[in-house]
Amino acid sequence: MTAPELVTRMLPPLAGWLAVGALTLPDGSPARVAAVVVFLTAGPGAALVRIWWPASAAGPAEGPTDTWDTRFGRRSDLLERLMLVPLVSVAVVTVTATALLAAHAFSGRRVLLLLTLLTMLAAYCPRTRPS
């Protein structure tokens, strides 16, 4: 594993721990709100999409019939990944919050801490292999 790969792999859990640490700031603080919102909209999704992205990319995207855009496949994969990250994050946040509500254990701190631990676990998981 190269150093840039390690940094991108550990960035979502680091953002999670930064958001947990930001809870010590006063309520309504812009830094607290920004840290929590950035993590909740990108952290869990980035860690989970990194795991199953190689297996889900079955084949290259079909570009336009003209060959003027040679980078279409790479850019469409990047766009697809950028769209999946916040959607997966919101889905994971929703499921986690709903599970804690059903267990009568809901609090913002618990949701954030549980999602940080999930993100850290996902960051340590190896990527799936394409079939």
# chains A, B, ... in the order shown; residues from 1 in each chain; ligands from 1
>>> closest_atom_pairs(of="segment 18-128 of chain A", to="segment 1-12 of chain A", cutoff="8 Å", atoms="only C-alpha atoms", output="tab-separated table")
residue	atom	partner	partner_atom	distance
A:Phe39	CA	A:Pro12	CA	7.3
A:Ala42	CA	A:Pro12	CA	7.6
A:Gly43	CA	A:Pro12	CA	4.6
A:Pro44	CA	A:Pro12	CA	7.0
A:Ala46	CA	A:Pro12	CA	6.8
A:Ala47	CA	A:Pro12	CA	6.4
A:Thr119	CA	A:Pro12	CA	6.7
A:Met120	CA	A:Pro12	CA	7.6
A:Ala123	CA	A:Arg9	CA	5.8
>>> residues_around(residues="Leu114 of chain A", least_positions_apart="4", cutoff="12 Å", atoms="only C-alpha atoms", output="PyMOL selection string")
chain A and resi 13+16-17+20+40+44+92-93+95-97+99-100+105-110+118-121
>>> residues_around(residues="Pro126 of chain A", least_positions_apart="3", cutoff="9 Å", atoms="only C-alpha atoms", output="JSON, numbers by chain")
{"A": [50, 51, 122, 123]}
>>> residues_around(residues="Ala31 of chain A", least_positions_apart="6", cutoff="12 Å", atoms="only C-alpha atoms", output="PyMOL selection string")
chain A and resi 18-25+37-38
>>> atom_distance(atom1="atom CA of Leu101 of chain A", atom2="atom CA of Met83 of chain A")
27.6 Å
>>> atom_distance(atom1="atom CA of Val36 of chain A", atom2="atom CA of Leu14 of chain A")
12.0 Å
>>> atom_distance(atom1="atom CA of Arg81 of chain A", atom2="atom CA of Thr128 of chain A")
15.5 Å
>>> select_by_dssp(residues="chain A", states="alpha helix (DSSP H)", output="PyMOL selection string")
chain A and resi 3-22+30-56+72-102+108-124
>>> write_last_selection(atoms="C-alpha atoms", output="compact mmCIF listing (two decimals), in the first residue's frame")
# COMPACT_ATOMS: atom_id res chain seq x y z
CA ALA A 3 1.35 6.46 1.21
CA PRO A 4 -1.29 8.38 -0.83
CA GLU A 5 -3.54 5.32 -0.78
CA LEU A 6 -3.18 5.06 2.99
CA VAL A 7 -4.03 8.75 3.43
CA THR A 8 -7.18 8.50 1.30
CA ARG A 9 -8.17 5.34 3.13
CA MET A 10 -7.83 6.90 6.59
CA LEU A 11 -9.34 10.29 5.75
CA PRO A 12 -13.01 9.34 6.46
CA PRO A 13 -12.29 7.90 9.95
CA LEU A 14 -10.14 10.92 10.74
CA ALA A 15 -13.03 13.19 9.75
CA GLY A 16 -15.27 11.15 12.04
CA TRP A 17 -12.98 11.54 15.03
CA LEU A 18 -12.65 15.24 14.21
CA ALA A 19 -16.46 15.51 14.28
CA VAL A 20 -16.60 13.65 17.60
CA GLY A 21 -13.98 16.03 18.97
CA ALA A 22 -15.92 19.00 17.63
CA PRO A 30 -19.87 27.05 12.94
CA ALA A 31 -16.82 24.80 13.27
CA ARG A 32 -18.86 22.17 15.12
CA VAL A 33 -21.66 22.25 12.56
CA ALA A 34 -19.24 22.11 9.63
CA ALA A 35 -17.26 19.17 11.01
CA VAL A 36 -20.38 17.12 11.77
CA VAL A 37 -22.13 17.91 8.48
CA VAL A 38 -19.06 17.15 6.36
CA PHE A 39 -18.54 13.83 8.10
CA LEU A 40 -22.19 12.75 8.01
CA THR A 41 -22.57 13.56 4.32
CA ALA A 42 -19.30 12.05 3.11
CA GLY A 43 -17.51 9.91 5.70
CA PRO A 44 -19.45 6.65 5.93
CA GLY A 45 -20.29 6.67 2.23
CA ALA A 46 -16.68 7.21 1.16
CA ALA A 47 -15.47 4.33 3.32
CA LEU A 48 -18.20 1.95 2.16
CA VAL A 49 -18.01 2.86 -1.54
CA ARG A 50 -14.24 2.29 -1.44
CA ILE A 51 -14.86 -1.31 -0.33
CA TRP A 52 -17.26 -2.43 -3.06
CA TRP A 53 -16.39 -0.08 -5.93
CA PRO A 54 -14.04 -2.48 -7.81
CA ALA A 55 -16.65 -5.26 -7.77
CA SER A 56 -19.48 -2.98 -8.88
CA PHE A 72 -15.37 9.82 -20.90
CA GLY A 73 -15.00 6.48 -19.12
CA ARG A 74 -12.76 7.81 -16.36
CA ARG A 75 -14.86 10.91 -15.78
CA SER A 76 -18.14 9.00 -15.74
CA ASP A 77 -16.74 6.60 -13.12
CA LEU A 78 -15.62 9.52 -10.99
CA LEU A 79 -19.02 11.21 -11.33
CA GLU A 80 -20.78 7.99 -10.40
CA ARG A 81 -18.60 7.61 -7.31
CA LEU A 82 -19.17 11.26 -6.32
CA MET A 83 -22.91 10.71 -6.55
CA LEU A 84 -22.85 7.47 -4.58
CA VAL A 85 -20.82 8.77 -1.62
CA PRO A 86 -23.40 11.23 -0.20
CA LEU A 87 -26.33 8.95 -1.05
CA VAL A 88 -24.78 5.97 0.74
CA SER A 89 -23.82 8.23 3.67
CA VAL A 90 -27.35 9.53 4.08
CA ALA A 91 -28.71 5.98 3.86
CA VAL A 92 -26.31 4.74 6.55
CA VAL A 93 -27.08 7.72 8.80
CA THR A 94 -30.81 7.06 8.39
CA VAL A 95 -30.53 3.35 9.18
CA THR A 96 -28.30 4.01 12.19
CA ALA A 97 -30.56 6.69 13.61
CA THR A 98 -33.65 4.55 13.04
CA ALA A 99 -32.06 1.56 14.77
CA LEU A 100 -31.11 3.69 17.77
CA LEU A 101 -34.61 5.19 17.87
CA ALA A 102 -36.13 1.71 17.84
CA GLY A 108 -26.73 12.72 18.45
CA ARG A 109 -23.50 11.74 20.16
CA ARG A 110 -24.32 8.03 19.93
CA VAL A 111 -25.17 8.27 16.25
CA LEU A 112 -21.95 10.14 15.52
CA LEU A 113 -19.82 7.77 17.58
CA LEU A 114 -21.42 4.67 16.07
CA LEU A 115 -20.96 6.00 12.54
CA THR A 116 -17.33 6.89 13.29
CA LEU A 117 -16.67 3.35 14.48
CA LEU A 118 -18.44 1.92 11.42
CA THR A 119 -16.37 4.16 9.15
CA MET A 120 -13.17 3.12 10.88
CA LEU A 121 -14.10 -0.54 10.47
CA ALA A 122 -14.92 0.00 6.79
CA ALA A 123 -11.60 1.78 6.24
CA TYR A 124 -9.72 -1.28 7.48
